[in-house]
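Below: upload_33.tsv (TSV, C-alpha atoms)
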```tsv
chain	number	residue	atom	x	y	z
A	157	MET	CA	131.95	49.65	111.32
A	158	THR	CA	128.60	51.37	111.88
A	159	ASP	CA	125.31	49.54	112.37
A	160	SER	CA	123.06	49.10	109.37
A	161	LEU	CA	121.93	52.52	108.14
A	162	ARG	CA	119.12	53.70	105.91
A	163	ILE	CA	120.81	55.74	103.20
A	164	LEU	CA	119.50	57.70	100.21
A	165	VAL	CA	121.99	58.06	97.36
A	166	THR	CA	121.14	60.61	94.69
A	167	GLY	CA	122.87	60.13	91.35
A	168	ALA	CA	123.02	56.41	92.02
A	169	ALA	CA	123.17	55.50	88.33
A	170	GLY	CA	126.19	57.72	87.69
A	171	LEU	CA	129.79	56.57	87.60
A	172	VAL	CA	130.66	57.51	91.18
A	173	GLY	CA	127.12	57.10	92.50
A	174	ALA	CA	126.90	53.47	91.38
A	175	GLU	CA	130.22	52.63	93.04
A	176	VAL	CA	129.17	54.33	96.28
A	177	THR	CA	125.82	52.53	96.21
A	178	ALA	CA	127.54	49.18	95.68
A	179	ARG	CA	129.92	49.74	98.60
A	180	LEU	CA	127.18	50.84	100.99
A	181	ALA	CA	124.97	47.90	100.05
A	182	ALA	CA	127.86	45.45	100.42
A	183	ALA	CA	128.45	46.82	103.92
A	184	GLY	CA	124.92	45.81	104.88
A	185	HIS	CA	123.21	49.18	104.70
A	186	ARG	CA	119.68	49.61	103.36
A	187	VAL	CA	120.23	51.84	100.35
A	188	THR	CA	117.58	53.75	98.44
A	189	ALA	CA	118.94	54.74	95.03
A	190	LEU	CA	117.34	57.85	93.56
A	191	VAL	CA	117.31	57.49	89.77
A	192	HIS	CA	115.71	59.47	86.98
A	193	ARG	CA	115.56	57.88	83.54
A	194	ASN	CA	117.95	55.03	84.21
A	195	PRO	CA	116.65	52.40	86.67
A	196	ALA	CA	119.53	49.98	85.91
A	197	LEU	CA	122.51	50.45	88.20
A	198	VAL	CA	125.72	49.46	86.44
A	199	ARG	CA	129.09	49.43	88.16
A	200	ASN	CA	132.25	50.90	86.70
A	201	ASP	CA	133.37	47.51	85.37
A	202	GLY	CA	130.08	47.09	83.50
A	203	THR	CA	128.49	44.58	85.85
A	204	PRO	CA	124.92	45.18	87.00
A	205	LEU	CA	124.57	46.06	90.64
A	206	GLU	CA	122.76	43.42	92.69
A	207	THR	CA	119.47	45.07	93.55
A	208	GLY	CA	118.51	42.87	96.49
A	209	ALA	CA	119.95	45.31	99.00
A	210	VAL	CA	119.06	48.40	97.00
A	211	THR	CA	115.66	49.97	96.45
A	212	CYS	CA	115.41	52.11	93.32
A	213	LEU	CA	113.25	55.18	93.63
A	214	SER	CA	112.29	57.19	90.56
A	215	GLY	CA	112.69	60.91	91.16
A	216	ASP	CA	114.04	64.20	89.87
A	217	VAL	CA	116.30	66.42	91.95
A	218	THR	CA	115.39	69.47	89.86
A	219	LYS	CA	111.85	69.39	91.22
A	220	PRO	CA	110.46	70.21	94.65
A	221	ARG	CA	110.27	67.12	96.91
A	222	LEU	CA	112.78	65.53	94.49
A	223	GLY	CA	109.89	64.83	92.12
A	224	LEU	CA	108.48	62.25	94.54
A	225	PRO	CA	104.85	61.71	95.50
A	226	GLU	CA	104.04	63.62	98.65
A	227	ALA	CA	103.52	60.47	100.71
A	228	ALA	CA	106.88	59.00	99.67
A	229	TYR	CA	108.66	62.25	100.43
A	230	ARG	CA	107.06	62.55	103.86
A	231	GLU	CA	108.08	58.98	104.66
A	232	LEU	CA	111.73	59.80	103.87
A	233	ALA	CA	111.63	63.03	105.85
A	234	ALA	CA	109.85	61.50	108.85
A	235	GLY	CA	112.61	59.30	110.15
A	236	GLY	CA	113.03	57.16	107.06
A	237	LEU	CA	116.72	57.95	106.56
A	238	ASP	CA	119.95	58.02	108.55
A	239	ARG	CA	122.09	59.58	105.79
A	240	ILE	CA	121.78	61.29	102.41
A	241	VAL	CA	124.69	60.99	99.98
A	242	HIS	CA	124.22	63.60	97.27
A	243	CYS	CA	126.10	62.52	94.12
A	244	ALA	CA	123.63	63.80	91.52
A	245	ALA	CA	125.13	66.41	89.19
A	246	ILE	CA	125.59	67.40	85.59
A	247	THR	CA	129.32	67.35	84.91
A	248	ASP	CA	129.30	67.71	81.11
A	249	PHE	CA	130.75	70.98	79.83
A	250	GLY	CA	129.29	73.37	77.29
A	251	LEU	CA	125.63	73.01	78.26
A	252	PRO	CA	123.13	75.85	78.72
A	253	ASP	CA	123.42	77.67	82.03
A	254	GLU	CA	119.85	76.76	82.97
A	255	ILE	CA	120.72	73.04	83.02
A	256	TYR	CA	123.54	73.58	85.52
A	257	GLN	CA	121.24	75.78	87.59
A	258	ALA	CA	118.42	73.23	87.61
A	259	VAL	CA	120.48	70.12	88.38
A	260	ASN	CA	123.54	71.27	90.29
A	261	VAL	CA	122.21	74.27	92.19
A	262	ASP	CA	118.44	73.77	92.51
A	263	GLY	CA	118.99	70.03	92.88
A	264	THR	CA	121.30	70.61	95.83
A	265	ALA	CA	118.80	73.05	97.36
A	266	HIS	CA	116.07	70.41	97.13
A	267	VAL	CA	118.29	67.78	98.74
A	268	ILE	CA	119.13	70.23	101.55
A	269	GLU	CA	115.38	70.79	102.09
A	270	LEU	CA	114.88	67.06	102.63
A	271	ALA	CA	117.89	66.85	104.94
A	272	ARG	CA	116.58	69.75	107.00
A	273	ALA	CA	113.02	68.44	107.11
A	274	GLY	CA	114.16	65.13	108.55
A	275	GLY	CA	117.24	66.24	110.46
A	276	ILE	CA	119.22	63.90	108.20
A	277	PRO	CA	123.03	64.12	107.99
A	278	LEU	CA	124.18	65.02	104.46
A	279	VAL	CA	127.28	63.96	102.56
A	280	HIS	CA	127.60	66.36	99.62
A	281	VAL	CA	129.81	65.42	96.66
A	282	GLY	CA	131.22	68.54	95.02
A	283	THR	CA	134.37	69.10	92.97
A	284	ALA	CA	137.89	70.16	93.85
A	285	TYR	CA	137.61	72.63	90.96
A	286	VAL	CA	135.43	75.00	92.97
A	287	CYS	CA	138.87	76.60	93.41
A	288	GLY	CA	138.49	77.96	89.88
A	289	GLU	CA	141.62	79.28	88.23
A	290	ARG	CA	143.62	79.85	91.40
A	291	ASP	CA	147.24	78.70	91.41
A	292	GLY	CA	149.24	77.26	94.30
A	293	SER	CA	148.09	75.02	97.12
A	294	ILE	CA	144.32	74.72	97.57
A	295	ALA	CA	143.22	73.92	101.12
A	296	GLU	CA	140.18	71.83	102.00
A	297	THR	CA	139.05	74.62	104.33
A	298	GLU	CA	138.87	77.19	101.51
A	299	LEU	CA	135.88	77.96	99.30
A	300	ASP	CA	135.28	81.60	98.43
A	301	GLU	CA	138.66	83.21	97.84
A	302	GLY	CA	137.49	85.59	95.12
A	303	GLN	CA	138.56	83.09	92.47
A	304	ARG	CA	137.64	83.25	88.79
A	305	LEU	CA	135.54	80.23	87.88
A	306	ALA	CA	136.38	78.91	84.45
A	307	ASN	CA	132.99	77.70	83.23
A	308	ALA	CA	129.32	77.32	84.09
A	309	TYR	CA	129.89	73.84	85.56
A	310	GLU	CA	132.42	75.12	88.10
A	311	ASP	CA	130.23	78.11	88.90
A	312	SER	CA	127.22	75.87	89.56
A	313	LYS	CA	129.20	73.54	91.83
A	314	PHE	CA	130.60	76.55	93.69
A	315	ARG	CA	127.09	77.87	94.26
A	316	ALA	CA	125.86	74.41	95.30
A	317	GLU	CA	128.62	74.04	97.89
A	318	THR	CA	127.90	77.56	99.12
A	319	LEU	CA	124.32	76.43	99.80
A	320	VAL	CA	125.63	73.51	101.84
A	321	HIS	CA	127.88	75.81	103.89
A	322	LYS	CA	124.97	78.17	104.52
A	323	ALA	CA	122.78	75.27	105.63
A	324	GLN	CA	125.57	74.13	107.98
A	325	GLY	CA	125.57	77.61	109.48
A	326	ASP	CA	121.84	77.19	110.07
A	327	GLY	CA	122.34	73.88	111.86
A	328	LEU	CA	122.42	71.20	109.16
A	329	ARG	CA	125.01	68.52	109.83
A	330	ALA	CA	126.95	67.92	106.63
A	331	ALA	CA	130.30	66.78	105.25
A	332	ILE	CA	131.68	67.58	101.81
A	333	VAL	CA	133.81	65.42	99.50
A	334	ARG	CA	135.51	67.13	96.55
A	335	PRO	CA	136.84	64.83	93.81
A	336	SER	CA	139.17	66.14	91.12
A	337	ILE	CA	139.06	64.69	87.56
A	338	VAL	CA	137.48	61.26	87.99
A	339	VAL	CA	138.92	58.57	85.71
A	340	GLY	CA	139.30	54.78	85.66
A	341	ASP	CA	140.10	52.17	88.27
A	342	GLU	CA	143.44	52.57	90.03
A	343	ARG	CA	144.64	49.01	89.41
A	344	THR	CA	143.08	48.12	86.05
A	345	GLY	CA	142.33	51.46	84.42
A	346	VAL	CA	138.82	50.24	83.61
A	347	VAL	CA	136.26	53.00	83.18
A	348	ARG	CA	132.59	52.62	82.35
A	349	ASP	CA	132.29	55.78	80.28
A	350	TYR	CA	134.97	57.41	78.15
A	351	LYS	CA	134.24	61.04	78.92
A	352	ASN	CA	135.87	64.34	79.67
A	353	ILE	CA	139.67	64.06	79.65
A	354	TYR	CA	139.37	60.86	77.62
A	355	VAL	CA	137.90	62.82	74.72
A	356	VAL	CA	140.91	65.16	74.68
A	357	LEU	CA	143.22	62.16	74.96
A	358	LYS	CA	141.62	60.55	71.91
A	359	LEU	CA	141.67	63.66	69.77
A	360	THR	CA	145.32	64.39	70.53
A	361	THR	CA	146.79	60.89	70.33
A	362	GLU	CA	145.07	60.32	66.97
A	363	GLY	CA	146.55	63.55	65.65
A	364	ARG	CA	143.23	65.27	65.09
A	365	VAL	CA	144.37	68.02	67.47
A	366	ARG	CA	148.13	68.62	67.36
A	367	SER	CA	148.48	71.94	69.18
A	368	LEU	CA	146.86	73.10	72.39
A	369	PRO	CA	147.06	76.38	74.29
A	370	GLY	CA	148.72	75.54	77.57
A	371	GLN	CA	151.80	75.52	79.78
A	372	TYR	CA	153.97	72.47	80.35
A	373	GLU	CA	154.17	73.27	84.07
A	374	ALA	CA	150.35	73.25	84.36
A	375	ARG	CA	148.89	70.36	86.36
A	376	LEU	CA	146.10	67.89	85.82
A	377	ASP	CA	144.78	65.99	88.83
A	378	LEU	CA	143.43	62.57	87.81
A	379	VAL	CA	141.79	60.50	90.53
A	380	PRO	CA	140.63	56.86	90.31
A	381	VAL	CA	136.89	56.33	90.60
A	382	ASP	CA	137.39	53.53	93.14
A	383	TYR	CA	139.39	55.84	95.42
A	384	VAL	CA	136.71	58.54	95.23
A	385	ALA	CA	133.97	56.01	96.04
A	386	ASP	CA	136.00	54.65	98.96
A	387	VAL	CA	136.45	58.12	100.45
A	388	ILE	CA	132.74	58.98	100.10
A	389	THR	CA	131.77	55.64	101.63
A	390	GLU	CA	134.08	56.08	104.61
A	391	VAL	CA	132.86	59.62	105.22
A	392	THR	CA	129.30	58.23	105.18
A	393	HIS	CA	130.18	55.39	107.58
A	394	ARG	CA	132.09	57.64	109.97
A	395	PHE	CA	129.91	60.70	109.65
A	396	GLU	CA	130.16	61.64	113.32
A	397	GLU	CA	133.90	62.20	112.83
A	398	ALA	CA	133.50	63.77	109.37
A	399	ALA	CA	130.69	66.23	110.13
A	400	GLY	CA	131.54	69.84	109.40
A	401	ARG	CA	134.64	68.98	107.38
A	402	THR	CA	135.60	68.99	103.70
A	403	PHE	CA	137.70	66.24	102.10
A	404	HIS	CA	139.67	66.44	98.86
A	405	ALA	CA	139.47	63.10	97.01
A	406	VAL	CA	142.34	63.77	94.63
A	407	GLY	CA	145.25	62.05	92.91
A	408	ALA	CA	148.89	62.92	92.40
A	409	PRO	CA	149.36	66.08	90.27
A	410	LEU	CA	150.47	65.39	86.71
A	411	THR	CA	152.21	68.20	84.86
A	412	LEU	CA	151.61	68.55	81.15
A	413	ARG	CA	155.31	67.78	80.70
A	414	ASP	CA	154.72	64.47	82.53
A	415	PHE	CA	151.64	63.91	80.39
A	416	SER	CA	153.56	64.50	77.15
A	417	ASP	CA	156.46	62.29	78.26
A	418	VAL	CA	154.14	59.36	78.94
A	419	LEU	CA	152.36	59.75	75.59
A	420	ALA	CA	155.74	59.71	73.85
A	421	GLU	CA	156.32	56.19	75.19
A	422	TYR	CA	153.55	54.86	72.93
A	423	PRO	CA	154.77	54.66	69.29
A	424	PRO	CA	151.30	54.87	67.66
A	425	PHE	CA	150.47	58.11	69.44
A	426	GLN	CA	150.80	61.67	68.27
A	427	VAL	CA	152.08	63.85	71.12
A	428	PRO	CA	150.33	67.23	71.32
A	429	ARG	CA	152.36	70.42	71.47
A	430	PHE	CA	151.43	72.91	74.19
A	431	VAL	CA	151.76	76.53	73.13
A	432	PRO	CA	151.53	79.54	75.49
A	433	ALA	CA	148.11	81.13	75.16
A	434	THR	CA	149.70	84.44	74.15
A	435	SER	CA	151.25	82.74	71.11
A	436	PHE	CA	148.39	80.42	70.20
A	437	ASP	CA	146.31	81.50	67.20
A	438	VAL	CA	143.38	79.23	66.43
A	439	ALA	CA	142.91	80.93	63.05
A	440	ARG	CA	146.23	79.46	61.87
A	441	LEU	CA	145.17	75.87	62.50
A	442	PRO	CA	144.11	73.61	59.61
A	443	ARG	CA	140.35	73.73	59.07
A	444	ARG	CA	139.56	70.34	60.57
A	445	GLU	CA	141.76	70.89	63.62
A	446	ARG	CA	140.28	74.35	64.08
A	447	SER	CA	136.80	72.80	64.15
A	448	TYR	CA	137.79	70.34	66.86
A	449	HIS	CA	139.43	73.13	68.79
A	450	GLU	CA	136.36	75.37	68.62
A	451	ARG	CA	133.90	72.63	69.52
A	452	VAL	CA	135.87	70.58	72.02
A	453	ILE	CA	139.22	71.96	73.17
A	454	THR	CA	137.87	75.38	74.14
A	455	LEU	CA	135.77	73.62	76.80
A	456	TYR	CA	138.88	72.25	78.49
A	457	GLU	CA	141.71	74.64	77.71
A	458	SER	CA	141.66	76.40	81.08
A	459	TYR	CA	142.78	73.11	82.66
A	460	PHE	CA	145.94	73.23	80.55
A	461	ARG	CA	147.17	76.41	82.19
A	462	ARG	CA	146.32	75.92	85.87
A	463	ARG	CA	149.15	75.35	88.31
A	464	MET	CA	147.39	74.36	91.50
A	465	SER	CA	147.81	71.43	93.83
A	466	PHE	CA	145.10	70.17	96.16
A	467	ASP	CA	146.03	69.78	99.80
A	468	ASP	CA	144.33	66.66	101.17
A	469	ALA	CA	145.43	66.74	104.81
A	470	HIS	CA	141.89	66.11	106.08
A	471	THR	CA	141.48	63.08	103.83
A	472	ALA	CA	144.93	61.65	104.56
A	473	GLY	CA	144.32	61.95	108.28
A	474	PHE	CA	140.83	60.48	108.08
A	475	THR	CA	141.10	57.41	105.88
A	476	SER	CA	143.70	54.68	105.54
A	477	ARG	CA	143.00	54.50	101.78
A	478	ARG	CA	145.74	56.18	99.79
A	479	ALA	CA	145.51	57.79	96.36
A	480	PRO	CA	148.05	56.83	93.66
A	481	GLY	CA	151.49	58.10	94.57
A	482	ASN	CA	152.92	58.15	91.04
A	483	ALA	CA	150.84	60.09	88.55
A	484	GLN	CA	152.80	58.92	85.50
A	485	ASP	CA	152.41	55.24	86.42
A	486	PHE	CA	148.70	55.74	86.93
A	487	LEU	CA	148.40	57.48	83.55
A	488	ARG	CA	150.10	54.46	81.95
A	489	VAL	CA	147.50	52.18	83.55
A	490	LEU	CA	144.70	54.33	82.12
A	491	ILE	CA	146.25	54.42	78.65
A	492	ASP	CA	146.96	50.69	78.60
A	493	HIS	CA	143.32	49.97	79.30
A	494	CYS	CA	142.21	52.41	76.59
A	495	LEU	CA	144.41	50.53	74.13
A	496	GLU	CA	143.23	47.10	75.26
A	497	SER	CA	139.58	48.13	75.00
A	498	GLY	CA	140.07	49.68	71.56
A	499	TYR	CA	139.13	53.20	72.61
A	500	LEU	CA	142.61	54.41	71.65
A	501	GLY	CA	144.81	53.18	68.85
A	502	ARG	CA	142.26	53.03	66.06
A	503	PRO	CA	143.05	54.82	62.80
A	504	PRO	CA	141.32	58.21	62.62
A	505	ALA	CA	137.99	58.11	60.85
A	506	ASP	CA	137.88	59.74	57.44
A	507	VAL	CA	135.83	62.74	58.47
A	508	THR	CA	135.94	66.31	57.32
A	509	GLU	CA	133.88	67.92	60.02
A	510	ALA	CA	134.14	68.06	63.78
A	511	PRO	CA	131.32	66.38	65.69
A	512	ASP	CA	128.11	68.23	66.34
A	513	ARG	CA	128.58	67.70	70.07
A	514	PRO	CA	131.76	68.34	72.03
A	515	ASP	CA	131.63	64.85	73.46
A	516	ALA	CA	131.12	62.94	70.24
A	517	PRO	CA	134.59	61.70	69.21
A	518	GLY	CA	135.21	58.06	69.86
A	519	PRO	CA	133.04	55.24	71.17
A	520	GLY	CA	131.26	56.05	74.40
A	521	ALA	CA	132.62	59.59	74.64
A	522	THR	CA	130.10	62.00	75.99
A	523	SER	CA	131.23	64.73	78.33
A	524	ALA	CA	133.42	66.45	80.86
A	525	GLY	CA	134.18	66.85	84.84
A	526	ASN	CA	133.88	66.49	88.72
A	527	GLY	CA	135.68	67.92	86.04
A	528	ALA	CA	136.74	68.58	84.46
A	529	GLY	CA	135.26	67.60	87.14
A	530	PRO	CA	134.25	64.46	87.77
A	531	ALA	CA	132.72	61.96	85.20
A	532	GLY	CA	129.35	61.93	83.46
A	533	SER	CA	125.77	62.25	84.42
A	534	ASP	CA	122.41	60.54	84.41
A	535	ARG	CA	120.96	63.93	85.08
A	536	ASN	CA	118.68	64.11	88.06
A	537	GLY	CA	119.00	60.69	89.49
A	538	ALA	CA	122.56	60.23	88.46
A	539	GLY	CA	125.51	62.36	87.90
A	540	ARG	CA	129.07	61.97	88.57
```

For this file, write the structure as structure tokens.
Amino acid sequence: MTDSLRILVTGAAGLVGAEVTARLAAAGHRVTALVHRNPALVRNDGTPLETGAVTCLSGDVTKPRLGLPEAAYRELAAGGLDRIVHCAAITDFGLPDEIYQAVNVDGTAHVIELARAGGIPLVHVGTAYVCGERDGSIAETELDEGQRLANAYEDSKFRAETLVHKAQGDGLRAAIVRPSIVVGDERTGVVRDYKNIYVVLKLTTEGRVRSLPGQYEARLDLVPVDYVADVITEVTHRFEEAAGRTFHAVGAPLTLRDFSDVLAEYPPFQVPRFVPATSFDVARLPRRERSYHERVITLYESYFRRRMSFDDAHTAGFTSRRAPGNAQDFLRVLIDHCLESGYLGRPPADVTEAPDRPDAPGPGATSAGNGAGPAGSDRNGAGR
């Protein structure tokens, strides 16, 4: 266990950021939580975070000096911090490119500037999906392999991580953690926000979307939020050992065949049919389903054809915490909680149009992540 550290957490109001902040504060560290519009820190289980050990600082990663007054910024840079944990990101899909640029790329550049100014070690939270649409085993040591990036979110996170690698080459001490698709708690399935893959799960199990372009051998990688937060926290604690390395915080791969088989165990659910992209014709879908496909499913469909697995040798050798070993059992935990909470299992609403926003279906549904990345965002102070 390290001595008490002074730690800045960006994105502290986000799903992962709040859990990391809680763990660091519980370990006795003095945590400054950078927030934007949301000063209340709420943990994944919905409980407010005790603020006695946490100082909230209103800022904006999209702006120079993180949107802080010059005096406050100088204080942080002049020996006020022992670590920066950069969780802030926009992980929703389908947003204008300039939003991803401002938050994910420029925001990372501004955090790097602070780290450089104060010689402060940086823990950068990226996404495993910087691998883009590559198939096969993805190593933690790989970044730019000429891959095709599927969307503006992945592209922005790729560019952000590239900035971190460049800064490392210039002398910045940094470690990188790459989560896959962040979902609920490993043991209980509880999740604060029903976003991203949950939206697709709701649309398909309610029968609003019955056919999807995809391959049954494609893989989804769902990772519990508590596991991701534990990995980030341990990398922060043991930074001297982690410096210069990248860690995949990932789960057990779940094929779409596995996914379909688990859904079939629940009698109320409709089980979606995956159709090879070469045979899928959106124009032949019923009007309502076509609307959902055009507004929602198109944002995620590349994840239904990818056949990669994430090698996590660095993470497995670094931490004693283990990710779920059985992806189907973990999916059952997630689904059971969705049923118990009422998010799934309700009769479909009598609507004739798809939602105006891709994240609108269902209570609490708002976005995507890292993707697919991760989970949602509080924009400049939050994220993930």

Using all atoms listed in the file, what table do you get, as JSON lines, when you list each residue of region 268-347 of chain A with an atom no more than 6 Å from region 385-407 of chain A, its nearest pair of atoms, and their distance in Å rounded to one decimal, rows by chain then rising number?
```
{"residue": "A:Glu296", "atom": "CA", "partner": "A:Thr402", "partner_atom": "CA", "distance": 5.7}
{"residue": "A:Ala330", "atom": "CA", "partner": "A:Ala399", "partner_atom": "CA", "distance": 5.4}
{"residue": "A:Ala331", "atom": "CA", "partner": "A:Ala399", "partner_atom": "CA", "distance": 4.9}
{"residue": "A:Ile332", "atom": "CA", "partner": "A:Thr402", "partner_atom": "CA", "distance": 4.6}
{"residue": "A:Val333", "atom": "CA", "partner": "A:Phe403", "partner_atom": "CA", "distance": 4.8}
{"residue": "A:Arg334", "atom": "CA", "partner": "A:His404", "partner_atom": "CA", "distance": 4.8}
{"residue": "A:Pro335", "atom": "CA", "partner": "A:Ala405", "partner_atom": "CA", "distance": 4.5}
{"residue": "A:Ser336", "atom": "CA", "partner": "A:Val406", "partner_atom": "CA", "distance": 5.3}
```

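One distance worth recording is that between CA of Pro277 (chain A) and CA of Ala245 (chain A), which is 19.1 Å.
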
Where's the centre, and what are the edge lengths in Å to one decimal, of a box along x, y and z enclosing all listed atoms of region 188-191 of chain A padded 3 Å per side, as lines of an AutoDock Vina configuration file?
```
center_x = 118.1
center_y = 55.8
center_z = 94.1
size_x = 7.6
size_y = 10.1
size_z = 14.7
```

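Minimum distance to Phe425 (chain A) across A:Asp485, A:Glu362, A:Asp468, A:Glu226 (counting only C-alpha atoms) occurs at A:Glu362.
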
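Closest approach to Glu289 (chain A) among A:Asp414, A:Glu457, A:Asp349, A:Asp467: A:Glu457, based on all atoms listed in the file.
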
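Across A:Tyr256, A:Arg162, A:Arg193, A:Tyr499, the tightest approach to Lys351 (chain A) is made by A:Tyr499 when counting all atoms listed in the file.
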
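CA of Leu213 (chain A) lies 20.2 Å from CA of Ala183 (chain A).
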
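Restricting the calculation to only C-alpha atoms, the smallest distance between Leu376 (chain A) and any of A:Val267, A:Gln303, A:Phe466, A:Val259 is found for A:Phe466.
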